[in-house]
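Coordinates from query.cif are shown below (mmCIF, C-alpha atoms and all ligand atoms).
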data_input
#
loop_
_atom_site.label_atom_id
_atom_site.label_comp_id
_atom_site.auth_asym_id
_atom_site.auth_seq_id
_atom_site.Cartn_x
_atom_site.Cartn_y
_atom_site.Cartn_z
CA MET A 1 6.38 -21.03 -2.31
CA ASN A 2 3.80 -22.87 -4.35
CA GLU A 3 2.60 -20.06 -6.65
CA ILE A 4 -0.38 -22.20 -7.74
CA ASN A 5 -2.08 -21.53 -4.41
CA LEU A 6 -1.79 -17.73 -4.65
CA LYS A 7 -5.08 -16.03 -5.39
CA ILE A 8 -5.68 -12.30 -5.89
CA ARG A 9 -9.28 -11.15 -5.68
CA ARG A 10 -11.28 -8.00 -4.98
CA GLY A 11 -11.73 -7.28 -1.29
CA THR A 12 -15.26 -6.97 0.11
CA VAL A 13 -16.69 -5.72 3.38
CA GLY A 14 -16.77 -9.35 4.53
CA ASP A 15 -12.93 -9.24 4.63
CA ALA A 16 -12.78 -6.54 7.30
CA GLU A 17 -12.23 -8.87 10.28
CA THR A 18 -9.25 -10.48 8.55
CA LEU A 19 -7.86 -7.41 6.81
CA ALA A 20 -7.81 -5.03 9.80
CA PRO A 21 -5.49 -7.15 12.01
CA LEU A 22 -3.36 -8.09 8.98
CA ALA A 23 -2.86 -4.39 8.20
CA VAL A 24 -1.82 -3.71 11.80
CA LYS A 25 0.67 -6.58 11.74
CA ILE A 26 2.25 -5.48 8.46
CA PHE A 27 2.40 -1.84 9.58
CA LYS A 28 4.05 -2.72 12.91
CA ASP A 29 6.51 -5.14 11.29
CA ALA A 30 7.51 -2.45 8.79
CA PHE A 31 7.68 0.66 11.01
CA ALA A 32 7.62 -0.05 14.78
CA ALA A 33 11.33 -0.89 15.07
CA ASN A 34 12.42 2.38 13.43
CA PRO A 35 13.55 4.75 16.24
CA LEU A 36 12.09 7.69 14.27
CA ASN A 37 8.59 6.33 14.96
CA LYS A 38 7.51 6.90 18.55
CA PRO A 39 5.33 4.12 20.06
CA GLU A 40 2.61 6.62 21.02
CA ASP A 41 2.43 8.01 17.45
CA MET A 42 2.26 4.44 16.12
CA ARG A 43 -0.53 3.63 18.56
CA VAL A 44 -2.59 6.68 17.61
CA TYR A 45 -2.20 6.09 13.87
CA ILE A 46 -2.99 2.37 14.10
CA LYS A 47 -6.13 3.08 16.11
CA GLU A 48 -7.49 5.59 13.59
CA ALA A 49 -6.32 3.97 10.34
CA PHE A 50 -6.82 0.26 10.95
CA SER A 51 -9.79 -0.04 13.32
CA LEU A 52 -12.46 -2.53 12.31
CA GLU A 53 -14.94 0.34 11.82
CA GLN A 54 -12.57 2.31 9.57
CA THR A 55 -11.68 -0.82 7.60
CA LYS A 56 -15.36 -1.60 7.05
CA ARG A 57 -16.01 2.00 5.96
CA GLU A 58 -13.21 1.82 3.39
CA LEU A 59 -14.25 -1.62 2.10
CA SER A 60 -17.80 -0.29 1.63
CA ASN A 61 -16.75 2.91 -0.14
CA ALA A 62 -17.54 2.78 -3.86
CA GLU A 63 -14.45 4.88 -4.66
CA THR A 64 -12.06 2.65 -2.69
CA VAL A 65 -10.94 -0.56 -4.38
CA PHE A 66 -9.22 -3.39 -2.52
CA TYR A 67 -7.36 -6.39 -3.87
CA VAL A 68 -6.41 -9.09 -1.38
CA ALA A 69 -3.75 -11.79 -1.80
CA GLU A 70 -4.46 -15.21 -0.31
CA ILE A 71 -2.64 -18.49 -0.11
CA GLY A 72 -5.28 -21.06 0.57
CA VAL A 73 -7.53 -19.38 3.11
CA GLU A 74 -4.75 -17.24 4.56
CA MET A 75 -4.66 -13.55 3.64
CA ILE A 76 -1.05 -12.38 3.26
CA GLY A 77 -1.34 -8.94 1.70
CA TYR A 78 -3.52 -6.35 0.06
CA ALA A 79 -3.60 -3.29 -2.16
CA LYS A 80 -5.94 -0.33 -1.81
CA LEU A 81 -6.74 2.10 -4.62
CA GLN A 82 -8.43 5.43 -4.03
CA GLU A 83 -10.37 7.12 -6.82
CA ARG A 84 -10.88 10.91 -6.87
CA SER A 85 -7.69 11.52 -4.93
CA THR A 86 -4.88 13.80 -6.05
CA GLU A 87 -2.05 16.10 -4.98
CA ASP A 88 -0.85 19.50 -6.19
CA CYS A 89 2.30 18.01 -7.74
CA ILE A 90 0.32 15.62 -9.98
CA ALA A 91 -0.22 17.15 -13.41
CA ASP A 92 -2.98 14.76 -14.54
CA ALA A 93 -6.38 16.18 -13.53
CA SER A 94 -7.87 12.74 -12.89
CA PRO A 95 -5.32 10.30 -11.47
CA ILE A 96 -5.86 7.27 -9.23
CA GLU A 97 -4.01 6.82 -5.94
CA LEU A 98 -2.36 3.60 -4.85
CA SER A 99 -3.11 4.30 -1.25
CA ARG A 100 -1.67 1.09 0.26
CA LEU A 101 0.35 -1.89 -0.83
CA TYR A 102 0.98 -4.18 2.11
CA VAL A 103 2.50 -7.66 2.06
CA ARG A 104 3.29 -9.73 5.15
CA LYS A 105 7.00 -9.64 5.92
CA ASP A 106 7.54 -13.40 5.54
CA PHE A 107 6.35 -13.06 1.92
CA HIS A 108 8.51 -10.10 0.89
CA GLY A 109 10.68 -10.69 -2.16
CA ARG A 110 8.41 -13.45 -3.46
CA GLY A 111 6.45 -11.71 -6.17
CA ILE A 112 3.25 -11.15 -4.17
CA ALA A 113 3.54 -7.35 -4.26
CA GLU A 114 4.18 -7.51 -8.00
CA LYS A 115 0.97 -9.48 -8.57
CA LEU A 116 -1.04 -7.03 -6.47
CA MET A 117 0.57 -4.11 -8.32
CA ASN A 118 -0.33 -5.61 -11.70
CA GLU A 119 -3.96 -6.07 -10.62
CA CYS A 120 -3.99 -2.39 -9.67
CA PHE A 121 -2.56 -1.37 -13.05
CA ASP A 122 -5.14 -3.54 -14.83
CA TYR A 123 -8.00 -2.02 -12.84
CA ALA A 124 -6.80 1.53 -13.44
CA ARG A 125 -6.38 0.96 -17.19
CA ARG A 126 -9.83 -0.62 -17.45
CA LYS A 127 -11.21 2.53 -15.84
CA ASN A 128 -9.23 4.69 -18.29
CA TYR A 129 -6.95 6.30 -15.73
CA ARG A 130 -3.74 7.62 -17.28
CA THR A 131 -1.74 8.23 -14.08
CA MET A 132 -1.27 6.33 -10.82
CA TRP A 133 0.32 8.07 -7.85
CA LEU A 134 1.31 7.20 -4.29
CA GLY A 135 2.95 8.55 -1.16
CA VAL A 136 5.87 6.67 0.40
CA TRP A 137 7.75 7.57 3.58
CA GLU A 138 11.11 9.22 2.84
CA TYR A 139 12.85 6.48 4.90
CA ASN A 140 10.96 3.51 3.44
CA PHE A 141 13.80 2.54 1.12
CA ARG A 142 12.53 -0.94 0.26
CA ALA A 143 9.15 0.38 -0.89
CA GLN A 144 10.79 3.22 -2.86
CA LYS A 145 12.97 0.70 -4.67
CA PHE A 146 9.96 -1.50 -5.35
CA TYR A 147 7.97 1.40 -6.81
CA GLU A 148 10.91 2.51 -8.95
CA LYS A 149 11.11 -1.04 -10.37
CA PHE A 150 7.50 -0.56 -11.43
CA GLY A 151 8.08 2.73 -13.19
CA PHE A 152 7.13 5.23 -10.49
CA ALA A 153 9.22 8.41 -10.25
CA ARG A 154 9.30 11.09 -7.60
CA VAL A 155 7.36 14.25 -8.46
CA GLY A 156 7.06 15.96 -5.06
CA SER A 157 6.32 15.37 -1.41
CA HIS A 158 3.50 15.70 1.11
CA VAL A 159 3.00 15.47 4.84
CA PHE A 160 1.97 12.15 6.34
CA GLN A 161 0.65 12.54 9.86
CA LEU A 162 1.76 9.68 12.15
CA GLY A 163 0.01 10.64 15.36
CA SER A 164 1.71 13.88 16.45
CA ASP A 165 4.60 13.46 13.98
CA ALA A 166 4.33 15.28 10.63
CA GLN A 167 6.43 13.00 8.44
CA THR A 168 7.55 13.58 4.86
CA ASP A 169 6.31 11.22 2.18
CA TRP A 170 7.67 11.23 -1.34
CA VAL A 171 4.91 11.57 -3.91
CA MET A 172 5.63 9.28 -6.86
CA GLU A 173 3.66 8.83 -10.07
CA ARG A 174 3.62 6.57 -13.08
CA LYS A 175 1.88 6.89 -16.43
CA LEU A 176 -0.39 3.97 -17.26
C1 LIG B 201 6.66 -2.46 -0.18
C2 LIG B 201 6.36 -3.93 -0.42
C3 LIG B 201 4.89 -4.11 -0.84
C4 LIG B 201 7.25 -4.43 -1.58
O1 LIG B 201 7.09 -5.82 -1.73
P1 LIG B 201 8.40 -6.76 -1.73
O2 LIG B 201 7.97 -8.16 -2.00
O3 LIG B 201 9.13 -6.50 -0.46
O4 LIG B 201 9.19 -6.12 -2.97
P2 LIG B 201 10.40 -6.69 -3.82
O5 LIG B 201 11.23 -7.64 -3.00
O6 LIG B 201 9.86 -7.17 -5.13
O7 LIG B 201 11.21 -5.35 -4.13
C5 LIG B 201 11.90 -4.67 -3.13
C6 LIG B 201 13.22 -4.20 -3.68
O8 LIG B 201 13.88 -3.39 -2.69
C7 LIG B 201 15.17 -3.90 -2.46
N1 LIG B 201 15.50 -3.58 -1.07
C8 LIG B 201 15.30 -4.31 0.04
N2 LIG B 201 15.70 -3.63 1.12
C9 LIG B 201 16.15 -2.43 0.68
C10 LIG B 201 16.71 -1.28 1.32
N3 LIG B 201 16.86 -1.24 2.64
N4 LIG B 201 17.07 -0.24 0.55
C11 LIG B 201 16.89 -0.25 -0.80
N5 LIG B 201 16.36 -1.32 -1.46
C12 LIG B 201 16.00 -2.39 -0.71
C13 LIG B 201 15.08 -5.36 -2.76
O9 LIG B 201 16.35 -5.92 -3.05
C14 LIG B 201 14.19 -5.34 -3.98
O10 LIG B 201 14.88 -4.96 -5.16
P3 LIG B 201 15.36 -6.05 -6.25
O11 LIG B 201 14.13 -6.76 -6.72
O12 LIG B 201 16.01 -5.23 -7.32
O13 LIG B 201 16.30 -6.97 -5.51
C15 LIG B 201 6.62 -4.77 0.85
O14 LIG B 201 8.00 -4.69 1.18
C16 LIG B 201 5.78 -4.35 2.04
O15 LIG B 201 4.63 -4.74 2.15
N6 LIG B 201 6.38 -3.58 2.96
C17 LIG B 201 5.70 -3.18 4.20
C18 LIG B 201 4.57 -2.21 3.96
C19 LIG B 201 5.03 -1.05 3.12
O16 LIG B 201 6.06 -0.43 3.38
N7 LIG B 201 4.22 -0.74 2.10
C20 LIG B 201 4.46 0.39 1.23
C21 LIG B 201 3.98 1.61 1.90
S1 LIG B 201 4.11 2.99 0.81
#
Any chance you could put this one into structure tokens?
Amino acid sequence: MNEINLKIRRGTVGDAETLAPLAVKIFKDAFAANPLNKPEDMRVYIKEAFSLEQTKRELSNAETVFYVAEIGVEMIGYAKLQERSTEDCIADASPIELSRLYVRKDFHGRGIAEKLMNECFDYARRKNYRTMWLGVWEYNFRAQKFYEKFGFARVGSHVFQLGSDAQTDWVMERKL
């Protein structure tokens, strides 16, 4: 890949029409083939989490920060940070959540996720956060490995509701 063409920038509400279908594609590519995820639960979650309306709401929220990765004019991934979000197992009273890190499957293993992650760390440090945390599905081994490479460690778990299925997410955190 020609790294020169990769651009990471803040996402804006004008990105919603591109970002919403990209999020659906990445989510389906990552989770639809797993027999633990029922198609109906996937459908329900996708409808509520990645609709154009919901995506616009999140992109307009002052406490939700998006970074998008583009090659030329093509969006290939994004990261979403959520301020004022925490969990019981996080000791820091004011952490920031990495609420999504999504890269298109054909760009996995090519350093895109790392660049998005570093933008998130830079943002959080600029805002004086001391802890970043995230939830990752207990069976999402690739993402767990990725987060461990970037210094995140498991501190607990929480429920992630995929439609009717109450799944277990690991909660991981990293000091900044
Ligand atoms: C999670 C994600 C952002 C990571 O980006 P990436 O480019 O795939 O990450 P990397 O290739 O740098 O790192 C993944 C690591 O997991 C390893 N890995 C791959 N498959 C694995 C598996 N089944 N089990 C364990 N480790 C695995 C890779 O070898 C790599 O480690 P290495 O660098 O030591 O070789 C990306 O895979 C993605 O967007 N996935 C789909 C959406 C998703 O799951 N997002 C996270 C939700 S919490």
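Using only C-alpha atoms, the smallest distance between any of A:Trp170, A:Tyr78, A:Tyr123, A:Tyr45 and Tyr139 (chain A) comes from A:Trp170.
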Selected residue of minimal separation from Arg174 (chain A) among A:Ala91, A:Leu22, A:Val65, A:Val159, counting only C-alpha atoms: A:Ala91
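Here the question is which of A:Pro35, A:Ile112, A:Val44, A:Phe50 gets nearest to Pro21 (chain A) using all atoms listed in the file, and that residue is A:Phe50.
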Selection as a ChimeraX atom specification: residues within 8 Å of ligand LIG 201 (chain B) by only C-alpha atoms and all ligand atoms: /A:26-27,29-31,77,99-105,107-114,134-137,140-147,149
Between CA of Leu36 (chain A) and CA of Val24 (chain A) - distance in Å to one decimal: 18.2 Å
Can you tell me, as JSON, the centre and edge lengths (Å, one decimal) of the axis-aligned box enclosing all of region 80-96 of chain A's listed atoms after padding each side by 5 Å?
{"center_x": -4.3, "center_y": 9.6, "center_z": -8.2, "size_x": 23.2, "size_y": 29.8, "size_z": 22.7}
Would you mind writing region 54-79 of chain A with N, CA and C atoms, as a compact mmCIF listing (two decimals), in the coordinates of the input?
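Everything below was put into selection-v3.txt:
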# COMPACT_ATOMS: atom_id res chain seq x y z
N GLN A 54 -13.17 1.59 10.70
CA GLN A 54 -12.57 2.31 9.57
C GLN A 54 -12.36 1.37 8.39
N THR A 55 -11.92 0.16 8.67
CA THR A 55 -11.68 -0.82 7.60
C THR A 55 -12.99 -1.15 6.89
N LYS A 56 -14.04 -1.32 7.66
CA LYS A 56 -15.36 -1.60 7.05
C LYS A 56 -15.82 -0.42 6.20
N ARG A 57 -15.61 0.79 6.72
CA ARG A 57 -16.01 2.00 5.96
C ARG A 57 -15.29 2.03 4.61
N GLU A 58 -13.98 1.76 4.64
CA GLU A 58 -13.21 1.82 3.39
C GLU A 58 -13.63 0.71 2.43
N LEU A 59 -13.85 -0.49 2.97
CA LEU A 59 -14.25 -1.62 2.10
C LEU A 59 -15.64 -1.39 1.50
N SER A 60 -16.45 -0.56 2.14
CA SER A 60 -17.80 -0.29 1.63
C SER A 60 -17.85 0.93 0.72
N ASN A 61 -16.76 1.67 0.64
CA ASN A 61 -16.75 2.91 -0.14
C ASN A 61 -16.61 2.58 -1.63
N ALA A 62 -17.53 3.09 -2.43
CA ALA A 62 -17.54 2.78 -3.86
C ALA A 62 -16.31 3.33 -4.58
N GLU A 63 -15.63 4.30 -4.00
CA GLU A 63 -14.45 4.88 -4.66
C GLU A 63 -13.13 4.34 -4.08
N THR A 64 -13.25 3.31 -3.25
CA THR A 64 -12.06 2.65 -2.69
C THR A 64 -12.07 1.20 -3.15
N VAL A 65 -10.99 0.77 -3.78
CA VAL A 65 -10.94 -0.56 -4.38
C VAL A 65 -9.83 -1.36 -3.68
N PHE A 66 -10.20 -2.52 -3.18
CA PHE A 66 -9.22 -3.39 -2.52
C PHE A 66 -8.97 -4.64 -3.36
N TYR A 67 -7.71 -5.05 -3.41
CA TYR A 67 -7.36 -6.39 -3.87
C TYR A 67 -6.66 -7.09 -2.72
N VAL A 68 -7.05 -8.33 -2.45
CA VAL A 68 -6.41 -9.09 -1.38
C VAL A 68 -5.68 -10.28 -1.99
N ALA A 69 -4.55 -10.63 -1.37
CA ALA A 69 -3.75 -11.79 -1.80
C ALA A 69 -3.92 -12.88 -0.75
N GLU A 70 -4.26 -14.08 -1.22
CA GLU A 70 -4.46 -15.21 -0.31
C GLU A 70 -3.69 -16.42 -0.79
N ILE A 71 -3.17 -17.16 0.18
CA ILE A 71 -2.64 -18.49 -0.11
C ILE A 71 -3.52 -19.46 0.65
N GLY A 72 -4.24 -20.26 -0.08
CA GLY A 72 -5.28 -21.06 0.57
C GLY A 72 -6.30 -20.10 1.16
N VAL A 73 -6.57 -20.27 2.47
CA VAL A 73 -7.53 -19.38 3.11
C VAL A 73 -6.83 -18.26 3.87
N GLU A 74 -5.50 -18.22 3.77
CA GLU A 74 -4.75 -17.24 4.56
C GLU A 74 -4.47 -15.97 3.76
N MET A 75 -4.92 -14.83 4.31
CA MET A 75 -4.66 -13.55 3.64
C MET A 75 -3.26 -13.09 4.01
N ILE A 76 -2.45 -12.72 2.98
CA ILE A 76 -1.05 -12.38 3.26
C ILE A 76 -0.69 -10.98 2.76
N GLY A 77 -1.64 -10.29 2.14
CA GLY A 77 -1.34 -8.94 1.70
C GLY A 77 -2.54 -8.31 1.02
N TYR A 78 -2.42 -7.02 0.76
CA TYR A 78 -3.52 -6.35 0.06
C TYR A 78 -3.03 -5.05 -0.57
N ALA A 79 -3.82 -4.60 -1.53
CA ALA A 79 -3.60 -3.29 -2.16
C ALA A 79 -4.89 -2.51 -2.05
